[in-house]
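Here is start_5.pdb, consisting of PDB, C-alpha atoms and all ligand atoms:
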ATOM      1  CA  MET A   1     -89.917 -10.258 -85.917
ATOM      2  CA  LYS A   2     -93.722  -9.863 -86.184
ATOM      3  CA  ARG A   3     -95.492 -12.546 -88.222
ATOM      4  CA  LEU A   4     -98.417 -11.220 -90.254
ATOM      5  CA  ALA A   5    -101.395 -12.524 -92.228
ATOM      6  CA  ILE A   6    -103.277 -10.244 -94.620
ATOM      7  CA  VAL A   7    -107.017 -10.877 -95.017
ATOM      8  CA  GLY A   8    -108.108  -9.673 -98.459
ATOM      9  CA  GLY A   9    -104.646 -10.780 -99.585
ATOM     10  CA  ALA A  10    -105.699 -11.183-103.246
ATOM     11  CA  GLY A  11    -107.152  -7.662-103.440
ATOM     12  CA  ARG A  12    -105.576  -4.410-104.610
ATOM     13  CA  MET A  13    -104.555  -3.370-101.083
ATOM     14  CA  GLY A  14    -103.689  -6.913 -99.989
ATOM     15  CA  GLN A  15    -101.239  -7.342-102.860
ATOM     16  CA  ALA A  16     -99.684  -3.887-102.322
ATOM     17  CA  LEU A  17     -99.239  -4.628 -98.597
ATOM     18  CA  ALA A  18     -97.834  -8.124 -99.233
ATOM     19  CA  ARG A  19     -95.070  -6.672-101.402
ATOM     20  CA  GLY A  20     -94.478  -3.506 -99.377
ATOM     21  CA  LEU A  21     -94.507  -4.947 -95.841
ATOM     22  CA  ALA A  22     -92.286  -7.881 -96.837
ATOM     23  CA  ALA A  23     -89.508  -5.318 -97.395
ATOM     24  CA  HIS A  24     -89.964  -3.832 -93.878
ATOM     25  CA  GLU A  25     -87.402  -4.752 -91.268
ATOM     26  CA  GLY A  26     -88.963  -6.685 -88.390
ATOM     27  CA  LEU A  27     -92.076  -7.727 -90.339
ATOM     28  CA  GLU A  28     -92.735 -11.046 -92.077
ATOM     29  CA  VAL A  29     -95.895 -11.602 -94.142
ATOM     30  CA  VAL A  30     -96.537 -15.337 -93.854
ATOM     31  CA  ALA A  31    -100.096 -15.726 -95.244
ATOM     32  CA  LEU A  32    -102.457 -14.040 -97.699
ATOM     33  CA  VAL A  33    -106.003 -14.984 -96.710
ATOM     34  CA  ASP A  34    -108.715 -14.526 -99.330
ATOM     35  CA  GLU A  35    -111.976 -16.109-100.526
ATOM     36  CA  HIS A  36    -110.063 -16.356-103.793
ATOM     37  CA  PRO A  37    -106.609 -17.370-102.485
ATOM     38  CA  PRO A  38    -103.785 -15.713-104.433
ATOM     39  CA  ALA A  39    -100.493 -17.228-105.562
ATOM     40  CA  SER A  40     -97.720 -16.827-102.987
ATOM     41  CA  VAL A  41     -96.018 -13.417-102.844
ATOM     42  CA  ALA A  42     -92.518 -12.930-101.404
ATOM     43  CA  GLY A  43     -92.782 -16.205 -99.447
ATOM     44  CA  ALA A  44     -96.324 -15.592 -98.077
ATOM     45  CA  ILE A  45     -98.693 -18.467 -98.884
ATOM     46  CA  GLY A  46    -102.247 -17.947-100.205
ATOM     47  CA  VAL A  47    -104.996 -19.595 -98.100
ATOM     48  CA  ALA A  48    -108.814 -19.553 -98.192
ATOM     49  CA  ASP A  49    -109.506 -18.723 -94.541
ATOM     50  CA  LEU A  50    -107.863 -17.804 -91.263
ATOM     51  CA  ASN A  51    -108.294 -21.311 -89.842
ATOM     52  CA  ALA A  52    -105.541 -22.402 -92.217
ATOM     53  CA  CYS A  53    -103.222 -20.080 -90.207
ATOM     54  CA  ASP A  54    -103.615 -21.953 -86.888
ATOM     55  CA  ALA A  55    -100.085 -23.346 -87.036
ATOM     56  CA  LEU A  56     -98.373 -20.196 -88.344
ATOM     57  CA  SER A  57     -97.816 -18.471 -84.943
ATOM     58  CA  LEU A  58     -99.231 -15.144 -86.139
ATOM     59  CA  ASP A  59     -98.658 -11.918 -84.212
ATOM     60  CA  VAL A  60    -100.945  -9.631 -86.238
ATOM     61  CA  VAL A  61    -103.796 -10.043 -88.726
ATOM     62  CA  ILE A  62    -104.204  -7.123 -91.167
ATOM     63  CA  ASP A  63    -107.705  -6.885 -92.684
ATOM     64  CA  PHE A  64    -108.318  -5.061 -95.968
ATOM     65  CA  SER A  65    -111.198  -7.213 -97.211
ATOM     66  CA  SER A  66    -114.913  -6.485 -96.711
ATOM     67  CA  PRO A  67    -117.124  -5.694 -93.694
ATOM     68  CA  GLN A  68    -118.115  -9.387 -93.603
ATOM     69  CA  GLY A  69    -114.426 -10.301 -93.588
ATOM     70  CA  VAL A  70    -113.859  -7.960 -90.612
ATOM     71  CA  LEU A  71    -116.454  -9.881 -88.553
ATOM     72  CA  THR A  72    -114.593 -13.146 -89.159
ATOM     73  CA  SER A  73    -111.174 -11.562 -88.491
ATOM     74  CA  ALA A  74    -112.382 -10.002 -85.212
ATOM     75  CA  GLN A  75    -113.777 -13.298 -83.927
ATOM     76  CA  TRP A  76    -110.756 -15.331 -85.057
ATOM     77  CA  CYS A  77    -108.215 -12.907 -83.570
ATOM     78  CA  ALA A  78    -110.034 -12.790 -80.211
ATOM     79  CA  ALA A  79    -110.264 -16.599 -80.082
ATOM     80  CA  HIS A  80    -106.614 -17.127 -81.100
ATOM     81  CA  GLY A  81    -104.955 -14.279 -79.157
ATOM     82  CA  VAL A  82    -103.715 -12.453 -82.271
ATOM     83  CA  ALA A  83    -103.687  -8.638 -82.615
ATOM     84  CA  LEU A  84    -105.720  -7.023 -85.406
ATOM     85  CA  VAL A  85    -105.215  -4.033 -87.723
ATOM     86  CA  VAL A  86    -108.269  -3.113 -89.830
ATOM     87  CA  GLY A  87    -108.278  -0.863 -92.894
ATOM     88  CA  THR A  88    -111.542  -2.118 -94.386
ATOM     89  CA  THR A  89    -114.150   0.636 -94.704
ATOM     90  CA  GLY A  90    -117.951   0.630 -94.833
ATOM     91  CA  LEU A  91    -118.235  -0.691 -91.254
ATOM     92  CA  THR A  92    -121.613  -0.422 -89.485
ATOM     93  CA  GLU A  93    -122.530  -0.644 -85.778
ATOM     94  CA  ALA A  94    -122.552  -4.465 -85.950
ATOM     95  CA  HIS A  95    -118.959  -4.497 -87.176
ATOM     96  CA  TRP A  96    -117.872  -1.981 -84.527
ATOM     97  CA  SER A  97    -119.510  -4.166 -81.834
ATOM     98  CA  ALA A  98    -117.496  -7.170 -83.032
ATOM     99  CA  LEU A  99    -114.302  -5.066 -82.955
ATOM    100  CA  GLU A 100    -115.142  -3.764 -79.449
ATOM    101  CA  ALA A 101    -115.643  -7.365 -78.295
ATOM    102  CA  ALA A 102    -112.312  -8.466 -79.827
ATOM    103  CA  SER A 103    -110.558  -5.513 -78.183
ATOM    104  CA  GLN A 104    -111.469  -6.888 -74.743
ATOM    105  CA  ARG A 105    -109.028  -9.713 -75.506
ATOM    106  CA  VAL A 106    -106.390  -8.339 -77.909
ATOM    107  CA  GLY A 107    -105.097  -5.051 -79.312
ATOM    108  CA  VAL A 108    -107.118  -3.724 -82.270
ATOM    109  CA  VAL A 109    -106.283  -0.699 -84.465
ATOM    110  CA  VAL A 110    -108.902   0.461 -86.980
ATOM    111  CA  ALA A 111    -108.262   3.316 -89.419
ATOM    112  CA  ALA A 112    -110.285   4.483 -92.394
ATOM    113  CA  ASN A 113    -107.123   5.932 -93.906
ATOM    114  CA  PHE A 114    -103.540   4.917 -93.214
ATOM    115  CA  ALA A 115    -101.954   7.574 -95.455
ATOM    116  CA  ILE A 116     -99.986   9.930 -93.200
ATOM    117  CA  GLY A 117    -101.040  12.956 -95.286
ATOM    118  CA  ALA A 118    -104.697  12.022 -94.918
ATOM    119  CA  VAL A 119    -104.343  11.702 -91.134
ATOM    120  CA  LEU A 120    -102.655  15.115 -90.975
ATOM    121  CA  SER A 121    -105.273  16.676 -93.267
ATOM    122  CA  GLU A 122    -108.012  15.551 -90.836
ATOM    123  CA  ARG A 123    -106.012  17.082 -87.986
ATOM    124  CA  PHE A 124    -105.542  20.361 -89.927
ATOM    125  CA  ALA A 125    -109.257  20.444 -90.862
ATOM    126  CA  ALA A 126    -110.225  20.154 -87.186
ATOM    127  CA  MET A 127    -107.801  23.022 -86.397
ATOM    128  CA  ALA A 128    -109.376  25.265 -89.073
ATOM    129  CA  ALA A 129    -112.993  24.291 -88.352
ATOM    130  CA  PRO A 130    -113.868  26.851 -85.621
ATOM    131  CA  TYR A 131    -112.528  29.791 -87.673
ATOM    132  CA  PHE A 132    -114.701  29.463 -90.796
ATOM    133  CA  GLU A 133    -118.428  29.957 -91.327
ATOM    134  CA  ARG A 134    -118.980  27.064 -93.676
ATOM    135  CA  VAL A 135    -117.263  23.877 -94.803
ATOM    136  CA  GLU A 136    -117.983  21.150 -97.350
ATOM    137  CA  ILE A 137    -115.969  18.025 -98.224
ATOM    138  CA  ILE A 138    -115.413  16.474-101.654
ATOM    139  CA  GLU A 139    -114.002  12.940-101.628
ATOM    140  CA  LEU A 140    -112.830  11.408-104.898
ATOM    141  CA  HIS A 141    -112.028   7.708-105.415
ATOM    142  CA  HIS A 142    -111.425   5.050-108.064
ATOM    143  CA  ASP A 143    -114.364   3.501-109.881
ATOM    144  CA  HIS A 144    -114.257   0.171-107.957
ATOM    145  CA  LYS A 145    -114.963   1.638-104.507
ATOM    146  CA  VAL A 146    -118.168   0.028-103.213
ATOM    147  CA  ASP A 147    -118.943   2.207-100.166
ATOM    148  CA  ALA A 148    -119.861   5.906-100.035
ATOM    149  CA  PRO A 149    -119.136   8.318 -98.592
ATOM    150  CA  SER A 150    -115.544   7.279 -97.877
ATOM    151  CA  GLY A 151    -114.608   6.365 -94.315
ATOM    152  CA  THR A 152    -112.034   9.173 -94.365
ATOM    153  CA  SER A 153    -114.623  11.806 -95.291
ATOM    154  CA  ILE A 154    -116.982  10.600 -92.546
ATOM    155  CA  ALA A 155    -114.162  10.787 -89.976
ATOM    156  CA  THR A 156    -113.130  14.242 -91.245
ATOM    157  CA  ALA A 157    -116.719  15.551 -91.141
ATOM    158  CA  ARG A 158    -117.135  14.265 -87.572
ATOM    159  CA  ALA A 159    -113.817  15.804 -86.477
ATOM    160  CA  ILE A 160    -114.884  19.167 -87.968
ATOM    161  CA  ALA A 161    -118.347  18.988 -86.365
ATOM    162  CA  SER A 162    -116.826  18.114 -83.005
ATOM    163  CA  ALA A 163    -114.261  20.975 -83.207
ATOM    164  CA  ARG A 164    -117.054  23.447 -84.080
ATOM    165  CA  ARG A 165    -119.227  22.228 -81.166
ATOM    166  CA  ALA A 166    -116.281  22.529 -78.773
ATOM    167  CA  LYS A 167    -116.140  26.258 -79.632
ATOM    168  CA  GLY A 168    -119.903  26.631 -79.139
ATOM    169  CA  LEU A 169    -120.720  26.995 -82.857
ATOM    170  CA  ALA A 170    -124.176  26.000 -84.094
ATOM    171  CA  PRO A 171    -124.706  23.344 -86.820
ATOM    172  CA  ILE A 172    -124.222  24.710 -90.348
ATOM    173  CA  GLU A 173    -127.567  25.570 -91.962
ATOM    174  CA  ASP A 174    -128.154  24.719 -95.602
ATOM    175  CA  PRO A 175    -129.396  27.734 -97.575
ATOM    176  CA  THR A 176    -130.959  25.431-100.206
ATOM    177  CA  THR A 177    -134.778  25.573-100.228
ATOM    178  CA  SER A 178    -135.378  23.712-103.476
ATOM    179  CA  VAL A 179    -133.629  20.561-104.734
ATOM    180  CA  SER A 180    -134.705  19.543-108.233
ATOM    181  CA  VAL A 181    -132.462  16.426-108.382
ATOM    182  CA  GLU A 182    -132.095  14.281-105.236
ATOM    183  CA  GLY A 183    -128.540  14.206-103.836
ATOM    184  CA  ALA A 184    -127.393  17.510-105.335
ATOM    185  CA  ARG A 185    -126.359  18.805-101.902
ATOM    186  CA  GLY A 186    -124.453  15.680-100.902
ATOM    187  CA  ALA A 187    -124.770  13.912 -97.537
ATOM    188  CA  ASN A 188    -125.152  15.768 -94.233
ATOM    189  CA  VAL A 189    -122.765  13.641 -92.141
ATOM    190  CA  GLU A 190    -122.960  15.632 -88.894
ATOM    191  CA  ASP A 191    -124.117  19.123 -87.882
ATOM    192  CA  GLY A 192    -124.531  20.238 -91.504
ATOM    193  CA  VAL A 193    -121.019  19.192 -92.585
ATOM    194  CA  ARG A 194    -121.712  17.825 -96.068
ATOM    195  CA  VAL A 195    -119.777  15.271 -98.136
ATOM    196  CA  HIS A 196    -119.909  14.892-101.928
ATOM    197  CA  SER A 197    -118.616  11.595-103.385
ATOM    198  CA  VAL A 198    -116.964  11.339-106.812
ATOM    199  CA  ARG A 199    -116.079   7.990-108.458
ATOM    200  CA  LEU A 200    -113.773   8.165-111.470
ATOM    201  CA  THR A 201    -111.606   5.773-113.443
ATOM    202  CA  GLY A 202    -107.934   6.603-112.939
ATOM    203  CA  LEU A 203    -108.224   8.007-109.411
ATOM    204  CA  VAL A 204    -106.914   6.316-106.235
ATOM    205  CA  ALA A 205    -108.044   8.236-103.086
ATOM    206  CA  HIS A 206    -108.340  12.025-102.824
ATOM    207  CA  GLN A 207    -110.116  14.520-100.588
ATOM    208  CA  GLU A 208    -110.691  18.262-100.495
ATOM    209  CA  VAL A 209    -111.985  20.113 -97.456
ATOM    210  CA  LEU A 210    -113.276  23.526 -98.519
ATOM    211  CA  PHE A 211    -113.682  26.191 -95.845
ATOM    212  CA  GLY A 212    -115.370  29.529 -96.522
ATOM    213  CA  SER A 213    -115.809  32.772 -94.583
ATOM    214  CA  PRO A 214    -116.548  36.319 -95.767
ATOM    215  CA  GLY A 215    -113.729  37.323 -98.109
ATOM    216  CA  GLU A 216    -111.576  34.191 -97.715
ATOM    217  CA  GLY A 217    -111.377  30.494 -98.409
ATOM    218  CA  LEU A 218    -109.105  27.661 -97.370
ATOM    219  CA  THR A 219    -108.773  24.324 -99.186
ATOM    220  CA  ILE A 220    -107.031  21.366 -97.569
ATOM    221  CA  ARG A 221    -106.360  18.708-100.193
ATOM    222  CA  HIS A 222    -104.802  15.291 -99.870
ATOM    223  CA  ASP A 223    -103.972  12.881-102.715
ATOM    224  CA  SER A 224    -103.055   9.218-102.557
ATOM    225  CA  TYR A 225    -101.650   8.633-106.058
ATOM    226  CA  ASP A 226    -100.680   5.054-105.301
ATOM    227  CA  ARG A 227    -101.573   2.361-102.732
ATOM    228  CA  GLU A 228     -97.953   2.637-101.571
ATOM    229  CA  SER A 229     -99.149   5.724 -99.646
ATOM    230  CA  PHE A 230    -100.936   3.486 -97.113
ATOM    231  CA  LEU A 231     -97.906   1.318 -96.251
ATOM    232  CA  PRO A 232     -96.084   3.559 -93.710
ATOM    233  CA  GLY A 233     -99.279   4.038 -91.671
ATOM    234  CA  VAL A 234    -100.061   0.317 -91.685
ATOM    235  CA  ALA A 235     -96.462  -0.409 -90.602
ATOM    236  CA  ILE A 236     -96.838   2.100 -87.712
ATOM    237  CA  ALA A 237    -100.092   0.408 -86.612
ATOM    238  CA  VAL A 238     -98.557  -3.066 -86.853
ATOM    239  CA  ALA A 239     -95.520  -1.949 -84.816
ATOM    240  CA  HIS A 240     -97.832  -0.560 -82.101
ATOM    241  CA  VAL A 241    -100.561  -3.196 -81.812
ATOM    242  CA  SER A 242    -100.113  -6.169 -79.503
ATOM    243  CA  ALA A 243    -102.202  -9.120 -78.404
ATOM    244  CA  ALA A 244    -100.884  -8.506 -74.879
ATOM    245  CA  THR A 245    -102.407  -4.994 -74.724
ATOM    246  CA  PRO A 246    -106.176  -5.180 -75.245
ATOM    247  CA  GLU A 247    -107.445  -1.841 -76.621
ATOM    248  CA  LEU A 248    -109.483  -0.422 -79.489
ATOM    249  CA  LEU A 249    -107.559   2.390 -81.168
ATOM    250  CA  ARG A 250    -109.591   4.330 -83.764
ATOM    251  CA  GLY A 251    -107.281   6.007 -86.275
ATOM    252  CA  ILE A 252    -103.505   6.350 -86.117
ATOM    253  CA  ASP A 253    -103.399  10.076 -85.306
ATOM    254  CA  SER A 254    -102.238   9.363 -81.741
ATOM    255  CA  LEU A 255     -99.399   7.162 -83.080
ATOM    256  CA  LEU A 256     -97.829   9.926 -85.217
TER     257      LEU A 256
HETATM  258  P1  LIG B 301    -110.448  -5.328-103.397
HETATM  259  O1  LIG B 301    -111.851  -5.613-103.822
HETATM  260  O2  LIG B 301    -109.400  -5.165-104.455
HETATM  261  O3  LIG B 301    -109.942  -6.494-102.417
HETATM  262  C1  LIG B 301    -110.703  -7.063-101.411
HETATM  263  C2  LIG B 301    -110.299  -8.524-101.293
HETATM  264  O4  LIG B 301    -110.915  -9.044-100.136
HETATM  265  C3  LIG B 301    -110.770  -9.380-102.486
HETATM  266  O5  LIG B 301    -109.663 -10.136-102.990
HETATM  267  C4  LIG B 301    -111.833 -10.285-101.886
HETATM  268  O6  LIG B 301    -111.854 -11.587-102.483
HETATM  269  C5  LIG B 301    -111.401 -10.350-100.436
HETATM  270  N1  LIG B 301    -112.524 -10.618 -99.494
HETATM  271  C6  LIG B 301    -113.701  -9.982 -99.410
HETATM  272  N2  LIG B 301    -114.442 -10.486 -98.413
HETATM  273  C7  LIG B 301    -113.694 -11.478 -97.861
HETATM  274  C8  LIG B 301    -113.919 -12.376 -96.773
HETATM  275  N3  LIG B 301    -115.063 -12.387 -96.085
HETATM  276  N4  LIG B 301    -112.926 -13.264 -96.472
HETATM  277  C9  LIG B 301    -111.758 -13.282 -97.203
HETATM  278  N5  LIG B 301    -111.511 -12.463 -98.239
HETATM  279  C10 LIG B 301    -112.467 -11.565 -98.551
HETATM  280  O7  LIG B 301    -110.519  -4.045-102.468
HETATM  281  P2  LIG B 301    -109.331  -3.067-102.038
HETATM  282  O8  LIG B 301    -109.291  -1.895-102.956
HETATM  283  O9  LIG B 301    -108.090  -3.863-101.801
HETATM  284  O10 LIG B 301    -109.912  -2.493-100.645
HETATM  285  C11 LIG B 301    -110.214  -3.357 -99.569
HETATM  286  C12 LIG B 301    -110.769  -2.557 -98.415
HETATM  287  O11 LIG B 301    -109.764  -1.677 -97.929
HETATM  288  C13 LIG B 301    -111.959  -1.647 -98.788
HETATM  289  O12 LIG B 301    -112.869  -1.635 -97.726
HETATM  290  C14 LIG B 301    -111.310  -0.283 -98.986
HETATM  291  O13 LIG B 301    -112.218   0.786 -98.806
HETATM  292  C15 LIG B 301    -110.285  -0.337 -97.874
HETATM  293  N6  LIG B 301    -109.150   0.576 -98.019
HETATM  294  C16 LIG B 301    -108.745   1.196 -96.870
HETATM  295  C17 LIG B 301    -107.639   2.002 -96.886
HETATM  296  C18 LIG B 301    -107.165   2.605 -95.586
HETATM  297  O14 LIG B 301    -106.168   3.364 -95.578
HETATM  298  N7  LIG B 301    -107.829   2.309 -94.461
HETATM  299  C19 LIG B 301    -106.940   2.225 -98.079
HETATM  300  C20 LIG B 301    -107.379   1.593 -99.234
HETATM  301  C21 LIG B 301    -108.482   0.751 -99.187
END
Represent the supplied structure as structure tokens.
Amino acid sequence: MKRLAIVGGAGRMGQALARGLAAHEGLEVVALVDEHPPASVAGAIGVADLNACDALSLDVVIDFSSPQGVLTSAQWCAAHGVALVVGTTGLTEAHWSALEAASQRVGVVVAANFAIGAVLSERFAAMAAPYFERVEIIELHHDHKVDAPSGTSIATARAIASARRAKGLAPIEDPTTSVSVEGARGANVEDGVRVHSVRLTGLVAHQEVLFGSPGEGLTIRHDSYDRESFLPGVAIAVAHVSAATPELLRGIDSLL
């Protein structure tokens, strides 16, 4: 039995994970850690910070909170010998440094998207990348998402750019010579692979990768209709990660 605490436990993802993971064989959610501690869910108690978990014999901390929360989780897990799974997005170099440091002591898995379909769509996009002249990404999310572009779209753009470079292809040039409204051409994430971010009420998490070549197009689309879609991937990461095996695993592609 692995004993888990969820940081960001009062949030949309935290609550979905608390309910979903509690039903998983071999997993027990014992604490929901949040600046605004929630009521207990399926036996997991709500607490204000990880220090309240000292006596709970945790095996894994799952962080779906904020970049600031990730810093605290990384330090706490390293100091207490507890493995860490991070789903929080919007991480900068400082956060990655803290995760690298923690991974010298304990196992750490970080993924911008735990939905299996999203992981496969990144894999498929990298497969298609060398065979098309141009590619652009549209990511679409709910109206409460605070970071842009999405972590998934950044990872997908980098995977496409890397696959193109591996085949000796040059960066994609933008034909646009005049932009009358700033931002119209989206963000050039890497080597001319552009991402356009949409925020709409009613959406959860969606992404389209549009490839184009003379006479043909290919669209790879993934939809998370519900936060339930992230549970199987988080469960796979939790099953894999261990305090006894220090490592920093980026993404769960290699675990599928
Ligand atoms: P949310 O705003 O509903 O919940 C975040 C929760 O974290 C809030 O309850 C907040 O009080 C708490 N929190 C913030 N900072 C904290 C800190 N320092 N210490 C303790 N608690 C803190 O957000 P959400 O929709 O649940 O998303 C959370 C994160 O997960 C975001 O970064 C989002 O992009 C990411 N996310 C990732 C995936 C994935 O598959 N990797 C999927 C969905 C969401």
Of A:Gly26, A:Gly20, A:Gly69, A:Gly251, the one nearest to Ala42 of chain A when counting all atoms listed in the file is A:Gly20
| Protein and nucleic residues near ligand LIG 301 (chain B), 6 Å, only C-alpha atoms and all ligand atoms, as an MDAnalysis selection string | chainID A and resid 7:8 10:14 34:36 64:66 68:69 87:89 111:115 230
- Message: With the PyMOL selection byres (((chain A and resi 74) around 8) and not hetatm) as the selection, what would be picked from this file? Answer as a VMD selection string, please.
- Response: chain A and resid 70 to 73 75 to 78 84 98 to 99 102
7 Å contact set for Ala187 of chain A, only C-alpha atoms, chain neighbours under 3 positions out, as an MDAnalysis selection string: chainID A and resid 194:196
Judged by all atoms listed in the file, the minimum distance to Val61 of chain A among A:Arg105, A:His222, A:Lys145, A:Lys2 is found for A:Lys2
Check: Within 12 Å of Ala23 of chain A, counting only C-alpha atoms, which residues qualify if same-chain residues fewer than 3 places away don't, as a ChimeraX atom specification?
Finding: /A:16-20,26-29,41-43,231-232,235
* To do: Could you state which residues are captured by the PyMOL selection byres (((chain A and resi 139) around 10) and not hetatm) in this file, as a PyMOL selection string?
  => chain A and resi 137-138+140-141+148-154+195-199+205-209+221-222
Closest of A:Ala22, A:Ala170, A:Val241, A:Ala128 to Ile6 of chain A, counting all atoms listed in the file, is A:Ala22
- Message: Just the number, please: distance in Å from atom CA of Ala157 of chain A to atom CA of Ala129 of chain A, one decimal.
- Response: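 Interatomic distance, atom CA of Ala157 of chain A to atom CA of Ala129 of chain A: 9.9 Å.
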